[in-house]
Each structure stands twice: as C-alpha cells, then as structure tokens.
>>> print(open('start_5.cif').read())   # mmCIF, C-alpha atoms
data_model
#
loop_
_atom_site.label_atom_id
_atom_site.label_comp_id
_atom_site.auth_asym_id
_atom_site.auth_seq_id
_atom_site.Cartn_x
_atom_site.Cartn_y
_atom_site.Cartn_z
CA MET A 1 53.42 83.49 63.25
CA ALA A 2 50.19 85.36 62.72
CA TYR A 3 48.34 85.06 59.45
CA VAL A 4 45.39 87.13 58.27
CA ALA A 5 42.86 86.46 55.55
CA ALA A 6 43.62 87.66 52.02
CA ARG A 7 41.82 90.85 51.03
CA GLY A 8 38.50 89.90 49.48
CA GLY A 9 38.21 86.67 51.42
CA GLU A 10 36.92 83.47 49.87
CA ALA A 11 35.69 85.18 46.69
CA ALA A 12 39.18 86.50 45.93
CA ILE A 13 40.71 83.07 46.53
CA LEU A 14 38.23 81.42 44.15
CA GLN A 15 38.90 84.04 41.48
CA SER A 16 42.64 83.51 41.86
CA GLU A 17 42.25 79.76 41.41
CA GLN A 18 40.02 80.25 38.36
CA LEU A 19 42.60 82.56 36.78
CA HIS A 20 45.30 79.94 37.34
CA GLN A 21 43.14 77.35 35.57
CA LEU A 22 42.32 79.79 32.75
CA LEU A 23 46.01 80.32 31.99
CA ASN A 24 46.49 76.56 31.53
CA ALA A 25 45.10 74.34 28.80
CA PRO A 26 41.58 73.04 29.47
CA LEU A 27 41.71 70.03 31.77
CA SER A 28 40.43 67.03 29.85
CA LEU A 29 40.92 63.29 29.58
CA ALA A 30 42.64 63.82 26.22
CA THR A 31 45.22 66.10 27.89
CA VAL A 32 45.87 63.53 30.61
CA ARG A 33 46.32 60.77 28.04
CA MET A 34 48.67 62.94 25.97
CA ILE A 35 50.88 63.73 29.00
CA GLU A 36 50.98 60.07 30.02
CA ALA A 37 52.00 58.97 26.52
CA SER A 38 54.37 61.77 25.51
CA LEU A 39 56.11 62.66 28.81
CA PRO A 40 56.86 59.29 30.43
CA TYR A 41 60.04 60.42 32.21
CA LEU A 42 58.25 63.40 33.76
CA VAL A 43 55.42 61.11 34.84
CA ASP A 44 58.01 58.72 36.30
CA ARG A 45 59.57 61.54 38.33
CA VAL A 46 56.22 62.54 39.81
CA MET A 47 55.41 58.92 40.67
CA GLY A 48 58.80 58.38 42.29
CA GLU A 49 58.66 61.52 44.41
CA GLY A 50 54.98 60.96 45.13
CA SER A 51 55.60 57.40 46.40
CA LEU A 52 52.77 56.06 44.27
CA TYR A 53 53.08 54.09 41.03
CA ALA A 54 50.04 55.30 39.08
CA PRO A 55 50.92 56.74 35.65
CA GLU A 56 47.39 57.93 34.92
CA LEU A 57 47.09 59.73 38.26
CA ALA A 58 50.55 61.28 37.89
CA ALA A 59 49.61 62.57 34.43
CA LEU A 60 46.36 63.95 35.87
CA ALA A 61 48.30 65.73 38.63
CA LEU A 62 50.62 67.31 36.07
CA ALA A 63 47.70 68.45 33.90
CA GLN A 64 45.76 69.75 36.89
CA THR A 65 48.70 71.82 38.20
CA GLY A 66 49.90 73.14 34.85
CA GLY A 67 53.13 71.14 35.12
CA ASP A 68 54.16 72.40 38.57
CA LEU A 69 56.18 69.39 39.76
CA TYR A 70 55.97 70.16 43.46
CA GLU A 71 52.22 70.69 43.37
CA ALA A 72 51.79 67.51 41.32
CA VAL A 73 53.83 65.49 43.83
CA LEU A 74 51.81 66.98 46.69
CA LEU A 75 48.54 66.02 44.96
CA LEU A 76 49.73 62.47 44.42
CA ARG A 77 50.92 62.08 48.01
CA ALA A 78 47.65 63.54 49.33
CA TYR A 79 45.68 61.02 47.27
CA ARG A 80 47.95 58.19 48.38
CA SER A 81 47.32 59.00 52.04
CA THR A 82 43.58 58.35 51.55
CA GLN A 83 44.00 54.85 50.13
CA PRO A 84 43.96 51.68 52.24
CA ARG A 85 46.88 49.29 52.17
CA LEU A 86 45.54 45.97 50.92
CA ALA A 87 48.66 43.83 50.74
CA TYR A 88 52.46 43.78 50.80
CA ALA A 89 54.42 42.82 47.69
CA GLU A 90 57.15 40.21 47.75
CA PRO A 91 60.79 41.39 47.59
CA VAL A 92 62.37 41.56 44.13
CA THR A 93 66.03 40.87 43.45
CA GLN A 94 68.11 42.34 40.64
CA THR A 95 68.25 39.03 38.80
CA GLU A 96 64.43 38.93 38.69
CA LEU A 97 64.14 42.27 36.89
CA LEU A 98 63.21 42.41 33.22
CA THR A 99 66.14 44.60 32.25
CA VAL A 100 65.77 47.13 29.44
CA ARG A 101 68.93 49.18 30.01
CA ARG A 102 72.04 48.08 31.90
CA ILE A 103 75.40 49.79 31.69
CA SER A 104 78.57 49.83 33.75
CA ALA A 105 81.43 52.33 33.79
CA SER A 106 83.58 50.00 35.92
CA PHE A 107 84.12 47.24 33.35
CA LYS A 108 83.80 47.00 29.60
CA ASP A 109 82.65 43.38 29.81
CA ILE A 110 80.23 42.48 32.60
CA PRO A 111 78.28 39.27 33.26
CA GLY A 112 75.28 39.30 30.95
CA GLY A 113 76.75 42.06 28.79
CA GLN A 114 76.02 45.75 28.58
CA ILE A 115 72.55 46.73 27.31
CA LEU A 116 72.37 50.25 25.90
CA GLY A 117 68.56 50.41 25.91
CA PRO A 118 66.69 53.72 25.63
CA SER A 119 69.09 56.65 25.98
CA LEU A 120 69.95 60.09 24.62
CA ASP A 121 73.49 59.93 26.00
CA TYR A 122 75.07 59.60 22.56
CA SER A 123 72.63 61.76 20.59
CA HIS A 124 73.17 65.24 19.17
CA ARG A 125 71.38 67.83 21.31
CA LEU A 126 69.59 69.57 18.45
CA LEU A 127 66.10 71.01 18.55
CA ARG A 128 63.80 69.54 15.90
CA LEU A 129 62.88 72.97 14.54
CA ASP A 130 61.41 71.33 11.45
CA LEU A 131 58.43 70.29 13.56
CA LEU A 132 57.60 73.96 14.10
CA ASP A 133 57.49 74.58 10.37
CA GLN A 134 55.36 71.92 8.73
CA ASP A 135 55.89 73.56 5.32
CA ASN A 136 59.64 72.99 5.39
CA GLN A 137 59.44 69.62 3.65
CA ALA A 138 63.07 69.60 2.54
CA HIS A 139 64.35 69.96 6.07
CA SER A 140 61.91 67.35 7.31
CA ALA A 141 63.13 64.89 4.70
CA SER A 142 66.73 65.30 5.83
CA ALA A 143 65.94 64.83 9.51
CA PRO A 144 66.57 61.40 11.03
CA PRO A 145 63.43 59.27 11.08
CA ALA A 146 61.72 58.86 14.42
CA ALA A 147 61.64 55.44 15.98
CA THR A 148 58.34 53.67 15.56
CA VAL A 149 56.67 51.09 17.76
CA SER A 150 53.93 48.79 16.63
CA SER A 151 50.60 49.80 18.13
CA ASP A 152 49.82 46.13 18.67
CA ALA A 153 52.83 45.56 20.96
CA PRO A 154 52.11 45.50 24.70
CA VAL A 155 53.51 48.52 26.52
CA ASP A 156 55.44 46.41 29.03
CA GLU A 157 56.74 43.86 26.53
CA VAL A 158 60.48 43.31 26.80
CA PRO A 159 62.33 42.45 23.57
CA PRO A 160 63.32 38.77 23.64
CA SER A 161 66.96 39.61 22.86
CA TYR A 162 67.34 41.19 26.29
CA ASP A 163 68.61 38.98 29.09
CA PRO A 164 65.87 39.12 31.76
CA SER A 165 68.23 38.19 34.58
CA PRO A 166 71.88 39.24 34.13
CA LEU A 167 74.07 38.69 37.17
CA ALA A 168 74.55 41.84 39.23
CA VAL A 169 78.02 43.34 38.88
CA ALA A 170 78.26 43.65 42.67
CA ASP A 171 77.56 39.92 43.05
CA TRP A 172 80.38 39.13 40.62
CA GLN A 173 82.70 41.46 42.57
CA ARG A 174 81.80 39.67 45.80
CA SER A 175 82.65 36.34 44.19
CA GLU A 176 86.06 37.82 43.31
CA GLY A 177 86.64 39.09 46.84
CA LEU A 178 86.50 42.76 45.80
CA LEU A 179 83.40 43.54 47.86
CA ALA A 180 82.48 42.43 51.34
CA ALA A 181 80.03 39.54 51.41
CA VAL A 182 76.39 40.27 52.14
CA PRO A 183 75.70 39.28 55.76
CA GLU A 184 73.35 36.38 56.30
CA VAL A 185 70.01 37.68 57.54
CA PRO A 186 66.74 35.81 58.04
CA LEU A 187 63.92 36.42 55.61
CA THR A 188 61.91 39.44 56.68
CA ASP A 189 58.16 39.80 56.45
CA PRO A 190 57.57 42.85 54.20
CA ALA A 191 54.85 44.02 56.59
CA SER A 192 57.44 44.34 59.37
CA LEU A 193 59.72 46.73 57.47
CA PRO A 194 59.74 50.35 58.69
CA ASP A 195 57.60 52.58 56.47
CA LEU A 196 58.68 56.18 55.99
CA THR A 197 55.25 57.13 54.63
CA ARG A 198 53.65 56.24 57.96
CA GLU A 199 56.30 56.98 60.55
CA PRO A 200 59.01 59.67 60.76
CA ALA A 201 62.65 58.73 60.48
CA ASP A 202 64.87 58.81 63.53
CA PHE A 203 68.57 59.47 63.21
CA PRO A 204 70.64 57.52 62.63
CA ALA A 205 67.96 56.25 60.28
CA PRO A 206 67.39 52.54 59.67
CA ARG A 207 68.72 51.38 56.32
CA ALA A 208 65.16 50.95 55.06
CA HIS A 209 64.30 54.56 55.92
CA ARG A 210 67.41 55.90 54.21
CA LEU A 211 66.69 54.04 50.97
CA GLN A 212 63.00 54.98 51.09
CA ALA A 213 63.89 58.64 51.61
CA LEU A 214 66.30 58.61 48.67
CA ALA A 215 63.73 56.79 46.53
CA ARG A 216 61.19 59.59 46.90
CA ALA A 217 63.58 62.50 47.36
CA ASP A 218 63.51 65.58 45.16
CA THR A 219 65.58 64.93 42.05
CA GLY A 220 67.01 68.45 41.99
CA GLY A 221 67.97 68.38 45.65
CA VAL A 222 69.67 65.00 45.35
CA LEU A 223 71.50 66.19 42.25
CA ALA A 224 72.69 69.42 43.91
CA LEU A 225 74.19 67.66 46.93
CA GLY A 226 75.51 64.77 44.88
CA TYR A 227 77.14 67.11 42.37
CA ALA A 228 78.75 69.10 45.18
CA SER A 229 80.33 65.88 46.44
CA MET A 230 81.43 64.90 42.95
CA ARG A 231 83.17 68.26 42.47
CA GLY A 232 85.46 67.65 45.41
CA TYR A 233 83.53 68.64 48.53
CA GLY A 234 83.07 64.96 49.34
CA LEU A 235 85.51 62.24 50.24
CA ALA A 236 84.75 59.79 47.43
CA HIS A 237 85.24 59.78 43.69
CA PRO A 238 83.01 56.84 42.76
CA THR A 239 82.47 54.91 39.55
CA VAL A 240 79.09 53.73 38.30
CA ASN A 241 79.24 50.03 39.01
CA GLU A 242 75.88 49.30 37.43
CA LEU A 243 72.91 51.34 36.26
CA ARG A 244 69.66 49.61 35.37
CA LEU A 245 66.33 50.58 33.91
CA ALA A 246 63.94 47.68 34.18
CA TYR A 247 60.45 46.33 34.76
CA ALA A 248 59.73 44.63 38.07
CA ASP A 249 56.89 42.21 38.65
CA VAL A 250 54.69 43.14 41.60
CA ARG A 251 54.13 39.76 43.22
CA LEU A 252 51.57 39.10 45.92
CA ARG A 253 50.78 35.93 47.83
CA HIS A 254 47.35 34.39 47.40
CA PRO A 255 45.52 34.62 50.74
CA VAL A 256 44.26 31.03 50.46
CA THR A 257 46.93 29.02 48.62
CA GLY A 258 49.93 31.12 49.67
CA GLU A 259 51.27 30.97 46.11
CA ALA A 260 53.01 34.07 44.77
CA PHE A 261 51.59 35.58 41.58
CA SER A 262 52.20 38.74 39.56
CA ILE A 263 49.56 41.45 39.45
CA GLY A 264 51.49 43.56 36.93
CA ARG A 265 54.77 45.30 36.24
CA VAL A 266 56.20 48.65 37.25
CA ARG A 267 59.12 50.60 35.83
CA VAL A 268 62.06 50.85 38.20
CA SER A 269 65.59 52.24 38.08
CA GLN A 270 68.57 51.53 40.28
CA CYS A 271 72.22 52.44 40.49
CA GLU A 272 75.24 51.14 42.36
CA VAL A 273 78.43 53.18 42.62
CA VAL A 274 81.74 51.96 44.03
CA ASP A 275 84.66 53.84 45.53
CA THR A 276 88.20 52.53 45.16
CA GLN A 277 89.84 54.99 47.54
CA ALA A 278 89.92 52.51 50.43
CA THR A 279 91.32 49.11 51.36
CA GLU A 280 88.26 47.50 49.75
CA LEU A 281 85.49 48.65 47.48
CA ARG A 282 82.71 50.64 49.13
CA LEU A 283 79.23 50.48 47.67
CA GLY A 284 76.50 53.14 47.41
CA TYR A 285 72.98 52.33 46.22
CA THR A 286 69.70 54.00 45.27
CA ALA A 287 66.56 52.70 43.57
CA THR A 288 63.30 54.42 42.73
CA LEU A 289 59.99 53.93 40.98
CA GLY A 290 60.07 54.96 37.34
CA TRP A 291 63.11 55.62 35.17
CA ASN A 292 65.27 58.41 36.61
CA GLU A 293 68.97 57.86 35.97
CA VAL A 294 70.29 61.18 37.26
CA LYS A 295 68.56 60.84 40.60
CA CYS A 296 69.76 57.26 41.10
CA ILE A 297 73.38 58.09 40.29
CA ALA A 298 73.44 61.15 42.57
CA GLY A 299 71.51 59.29 45.28
CA ALA A 300 73.93 56.35 45.23
CA MET A 301 76.74 58.88 45.60
CA LEU A 302 75.06 60.38 48.66
CA ASP A 303 74.41 56.94 50.13
CA LEU A 304 78.15 56.36 49.90
CA GLU A 305 78.98 59.73 51.46
CA MET A 306 76.50 59.96 54.32
CA ASP A 307 77.90 59.71 57.84
CA ALA A 308 81.48 60.41 56.72
CA PRO A 309 83.42 62.25 59.47
CA GLN A 310 83.74 65.54 57.61
CA PRO A 311 81.76 68.79 57.87
CA HIS A 312 80.40 68.84 54.32
CA PRO A 313 76.55 68.75 54.34
CA ALA A 314 76.43 65.67 52.11
CA HIS A 315 78.13 63.70 54.88
CA SER A 316 75.26 64.27 57.31
CA GLU A 317 72.42 61.79 56.93
CA GLU A 318 70.00 64.12 58.69
CA PHE A 319 70.95 67.05 56.45
CA VAL A 320 70.59 65.03 53.23
CA LEU A 321 67.33 63.26 54.05
CA TYR A 322 65.60 66.34 55.47
CA HIS A 323 66.64 68.77 52.75
CA THR A 324 65.89 66.57 49.75
CA GLU A 325 62.29 65.92 50.86
CA PRO A 326 60.29 67.70 48.11
CA VAL A 327 56.94 68.29 49.82
CA GLU A 328 58.42 69.47 53.12
CA ALA A 329 61.00 71.68 51.41
CA SER A 330 58.66 73.24 48.85
CA GLY A 331 55.91 73.68 51.45
CA PHE A 332 58.19 75.53 53.84
CA CYS A 333 59.51 77.71 51.00
CA ILE A 334 56.02 78.49 49.70
CA HIS A 335 54.71 79.39 53.15
CA TYR A 336 56.88 82.52 53.04
CA LYS A 337 54.38 83.91 50.51
CA LEU A 338 51.69 83.94 53.18
CA PRO A 339 51.12 87.08 55.29
CA HIS A 340 53.83 87.73 57.88
CA TYR A 341 52.67 91.24 58.74
CA VAL A 342 52.83 90.88 62.53
CA THR A 343 56.27 89.28 62.66
CA PHE A 344 57.67 91.76 60.14
CA GLN A 345 56.27 94.74 62.05
CA SER A 346 57.76 93.32 65.24
CA GLY A 347 61.12 93.13 63.49
CA LEU A 348 60.77 96.75 62.31
CA ASP A 349 59.92 97.90 65.83
CA ALA A 350 63.03 96.16 67.17
CA LEU A 351 65.12 97.75 64.41
CA ARG A 352 63.80 101.24 65.21
CA ASP A 353 64.42 100.73 68.93
CA ALA A 354 67.99 99.62 68.24
CA ARG A 355 68.61 102.69 66.08
CA ALA A 356 67.13 105.00 68.69
CA THR A 357 69.26 103.43 71.42
CA ALA A 358 72.37 103.79 69.28
CA ALA A 359 71.59 107.44 68.59
CA ASP A 360 71.10 108.23 72.29
CA THR A 361 74.29 106.48 73.40
CA PRO A 362 77.09 109.07 73.91
CA THR A 363 80.23 108.51 71.95
CA GLU A 364 83.44 108.00 73.94
CA PRO A 365 86.41 110.20 72.94
CA GLY A 366 88.46 107.20 71.88
CA ASP A 367 85.73 105.59 69.77
CA ALA A 368 86.28 105.42 66.04
CA GLN A 369 84.31 107.94 64.08
#
>>> encode(input="start_5.cif", output="structure tokens")
Amino acid sequence: MAYVAARGGEAAILQSEQLHQLLNAPLSLATVRMIEASLPYLVDRVMGEGSLYAPELAALALAQTGGDLYEAVLLLRAYRSTQPRLAYAEPVTQTELLTVRRISASFKDIPGGQILGPSLDYSHRLLRLDLLDQDNQAHSASAPPAATVSSDAPVDEVPPSYDPSPLAVADWQRSEGLLAAVPEVPLTDPASLPDLTREPADFPAPRAHRLQALARADTGGVLALGYASMRGYGLAHPTVNELRLAYADVRLRHPVTGEAFSIGRVRVSQCEVVDTQATELRLGYTATLGWNEVKCIAGAMLDLEMDAPQPHPAHSEEFVLYHTEPVEASGFCIHYKLPHYVTFQSGLDALRDARATAADTPTEPGDAQ
C-alpha cells in the first residue's frame, strides 16, 4: 500500500493531537489517582489486556487516552516492552490464593463453601439519579446507603472470615472419578516456559501460549465468540464449575538463600467450566490479571471448544487466538483510516476497464436482456 503525508504535514498532526487533548479533562496526577480508585474494574481490564500488572500506569494510560481502551492497552504494552525482566515468579496454585469471591453453578455445596464476595449480580440495575441532583435530599435519604471501608484498612487485606485456601472444585471432582486425573509432570523452571510476549505462537499452540493468549485477549472479542458458542453454534453447553476472584502472592526466590518470599499481591480471576455432554467431564479454563468475570467465563468456554471438529470459528484455535488479540485487531482496523489513495484509484481504474470491456462486448442473440 502507498501512504502519503497528511495535508499540512507535522504542524497539522501536532494540532490534531492538541485538539484531542483539549477535548479531554486536563491530565493531572489527581485525575490518575481518581481513575485508579474509582474505576478498578476498568483498570483491571487494561492491565489484563496489556500484560502488565501496574494499576497506576493503567490509570495513567486511561487518563492520557481519554478512556480509549485500545489505545490505553497499546500504551501499556509499549511501556512493558521497554522494561527489563529481572526475575521469574514462582507458580501459584488455586489453594494458595487469598480468595475474595468463589462461586459454583455446578453444586450448591462445594468444599470450602461458596463465597459471594463483591458482585452486582443480584442488585437492581437502577441509575443513582439522586447523585445528579444534590438538592433532592428526600430522594437521597431513601436511597440505600453506600458501603464504606475504613481508610485505615490495607487495600489488599482479606477479611479473616474468608477461607484463604478452599479446595478446588475440579480437585474434588477428580477425587470422585468425575474428571480425568492430572498427569504427573516434573516441576518446570518458570524461565523455561514459552512466553507469548516475546515469541509468536505456532499452531497448534502450546498449552502455555493458549492460556497466555486468552489471559490478555480482548474482552469483547472473547465474549462475542464465547456467546456465539453458548447460543448453539458450538458443541458444548458448559456449566461454571468454579469462578474465583482472588489475590495472589508474587513469590520470588532469594538469589543467595534460595528461599521463596512474597514481594506483594496482585488481583487475579479464574474460571473453570465443565461439559457433561460426553462420557466424562471435560474442563475449560481461563485466568487473567485483575478481576474480569465475563472474560474468564467466555474464555473458559472457548478453551473447551477450540480444536473441535466442526466448522464454527470458535472451534479453530488459530481463529480464536488471532482474532481476540486487541492490539493487532484494533491496529489493523485503525490502519484503514490512513491514506489508501493509490490502491483505491487502482481499483477504480480496474472497475472502469471492466465496464468498458463489458460495453464493447457484443451481445449474443440468445443472451438474456
């Protein structure tokens, strides 16, 4: 394709960027702090799709781009690519998570119990219009009080009533013979695992690449394909085996003593779905940085569906992983805004030639008029 410079050159581009910034709120530290504190789920989505757990930087990316998710993810990934890798964290199992929310649609009673945690699933979807009218004191008084959190409580503190290590539902199902046992594999050095951020995926993709791709996939793309499968285009009708929102300790090994120690906690979400339409339960899984329930449920559904011998797009691993990649997909879509004058004119010339050829071709007596 041939591209030409925008009319006005560099000066026009700078003016366009300044106008974009002018239409947004002034970029300030206070704005970044407000986004980080008041929009945690949006920040989590940017961190998950950006493959970088950095709430402050994700909030900065959102403020800097005016809330454009794809631009924010691109900024975060671009920053991530400039940072050195200092160490590899130790693997974390489900039973080591500090669980805040844990529900199952497969069983009413599960080992460790169900933990409702933070959720709007059972709330009335009503706009708090009273907040737009501060003078409407009567309406404000009748509104349900907002939940309050002590300012002295640590952000990552987990209430002591929560079980920090409930047994995974899938592990219980394996003990009952409902799921196939996990194969015995030797312990793997985290540094030896394939890394999708540094090397492209081949197909069929290694399991690590598939899970990494789903972890940082576009939430909307995963939802669209997952929903299509749920509506009947897929082969499975799964049940949520277990959905968790939790904190995970990031544990490193001391370079001298070799002892593992925690350098902090990150928010993580994971989901397992099971399908009963087979001789034994089949399991689909997705996990991601931050708390993003919809993406994990839809992603686990796609993990279950990929590679099925049917023509639906959700059954093709290559189709799913390529077309739910947010930066690649949005970048290719956005590039259509750039000048395509030469290619379009070439297409017009071919169209005119085809019309002229058709007009000059004599019509046979038996041809339809």
>>> residues_around(input="start_5.cif", residues="A:Tyr247", least_positions_apart="6", cutoff="6 Å", atoms="all atoms listed in the file", output="count of residues only")
6
>>> atom_distance(input="start_5.cif", atom1="atom CA of A:Tyr322", atom2="atom CA of A:Asp275")
24.9 Å
>>> residues_around(input="start_5.cif", residues="A:Ala25", least_positions_apart="6", cutoff="12 Å", atoms="all atoms listed in the file", output="PyMOL selection string")
chain A and resi 19+31-32+62-67
>>> closest_residue(input="start_5.cif", among="A:Ala308, A:Ile263, A:Leu243, A:Leu39", to="A:Arg101", atoms="only C-alpha atoms")
A:Leu243
>>> resolve_selection(input="start_5.cif", expression="the PyMOL selection byres ((chain A and resi 261) around 12)", output="PDB file with C-alpha atoms, in the frame of the given file")
ATOM      1  CA  ALA A  89      54.420  42.820  47.690  1.00  0.00           C
ATOM      2  CA  GLU A  90      57.150  40.210  47.750  1.00  0.00           C
ATOM      3  CA  ASP A 249      56.890  42.210  38.650  1.00  0.00           C
ATOM      4  CA  VAL A 250      54.690  43.140  41.600  1.00  0.00           C
ATOM      5  CA  ARG A 251      54.130  39.760  43.220  1.00  0.00           C
ATOM      6  CA  LEU A 252      51.570  39.100  45.920  1.00  0.00           C
ATOM      7  CA  ARG A 253      50.780  35.930  47.830  1.00  0.00           C
ATOM      8  CA  HIS A 254      47.350  34.390  47.400  1.00  0.00           C
ATOM      9  CA  PRO A 255      45.520  34.620  50.740  1.00  0.00           C
ATOM     10  CA  THR A 257      46.930  29.020  48.620  1.00  0.00           C
ATOM     11  CA  GLY A 258      49.930  31.120  49.670  1.00  0.00           C
ATOM     12  CA  GLU A 259      51.270  30.970  46.110  1.00  0.00           C
ATOM     13  CA  ALA A 260      53.010  34.070  44.770  1.00  0.00           C
ATOM     14  CA  SER A 262      52.200  38.740  39.560  1.00  0.00           C
ATOM     15  CA  ILE A 263      49.560  41.450  39.450  1.00  0.00           C
ATOM     16  CA  GLY A 264      51.490  43.560  36.930  1.00  0.00           C
ATOM     17  CA  ARG A 265      54.770  45.300  36.240  1.00  0.00           C
TER      18      ARG A 265
END
>>> resolve_selection(input="start_5.cif", expression="the PyMOL selection byres ((chain A and resi 270) around 6)", output="PDB file with C-alpha atoms, in the coordinates of the input")
ATOM      1  CA  LEU A 243      72.910  51.340  36.260  1.00  0.00           C
ATOM      2  CA  ARG A 244      69.660  49.610  35.370  1.00  0.00           C
ATOM      3  CA  SER A 269      65.590  52.240  38.080  1.00  0.00           C
ATOM      4  CA  CYS A 271      72.220  52.440  40.490  1.00  0.00           C
ATOM      5  CA  THR A 286      69.700  54.000  45.270  1.00  0.00           C
ATOM      6  CA  ALA A 287      66.560  52.700  43.570  1.00  0.00           C
ATOM      7  CA  CYS A 296      69.760  57.260  41.100  1.00  0.00           C
TER       8      CYS A 296
END
>>> closest_residue(input="start_5.cif", among="A:Glu10, A:Ser175, A:Glu325, A:Phe344", to="A:Thr197", atoms="all atoms listed in the file")
A:Glu325
>>> atom_distance(input="start_5.cif", atom1="atom CA of A:Ala105", atom2="atom CA of A:Val240")
5.3 Å
>>> residues_around(input="start_5.cif", residues="A:Leu76", least_positions_apart="5", cutoff="12 Å", atoms="all atoms listed in the file", output="tab-separated table (two decimals) with C-alpha atoms, in the frame of the given file")
chain	number	residue	atom	x	y	z
A	43	VAL	CA	55.42	61.11	34.84
A	45	ARG	CA	59.57	61.54	38.33
A	46	VAL	CA	56.22	62.54	39.81
A	47	MET	CA	55.41	58.92	40.67
A	48	GLY	CA	58.80	58.38	42.29
A	49	GLU	CA	58.66	61.52	44.41
A	50	GLY	CA	54.98	60.96	45.13
A	51	SER	CA	55.60	57.40	46.40
A	52	LEU	CA	52.77	56.06	44.27
A	53	TYR	CA	53.08	54.09	41.03
A	54	ALA	CA	50.04	55.30	39.08
A	55	PRO	CA	50.92	56.74	35.65
A	56	GLU	CA	47.39	57.93	34.92
A	57	LEU	CA	47.09	59.73	38.26
A	58	ALA	CA	50.55	61.28	37.89
A	59	ALA	CA	49.61	62.57	34.43
A	60	LEU	CA	46.36	63.95	35.87
A	61	ALA	CA	48.30	65.73	38.63
A	62	LEU	CA	50.62	67.31	36.07
A	64	GLN	CA	45.76	69.75	36.89
A	65	THR	CA	48.70	71.82	38.20
A	69	LEU	CA	56.18	69.39	39.76
A	70	TYR	CA	55.97	70.16	43.46
A	71	GLU	CA	52.22	70.69	43.37
A	81	SER	CA	47.32	59.00	52.04
A	82	THR	CA	43.58	58.35	51.55
A	83	GLN	CA	44.00	54.85	50.13
A	327	VAL	CA	56.94	68.29	49.82
>>> residues_around(input="start_5.cif", residues="A:His209", least_positions_apart="3", cutoff="9 Å", atoms="all atoms listed in the file", output="list in words")
Pro194, Asp195, Leu196, Pro200, Ala201, Asp202, Ala205, Pro206, Gln212, Ala213 and Leu214 of chain A
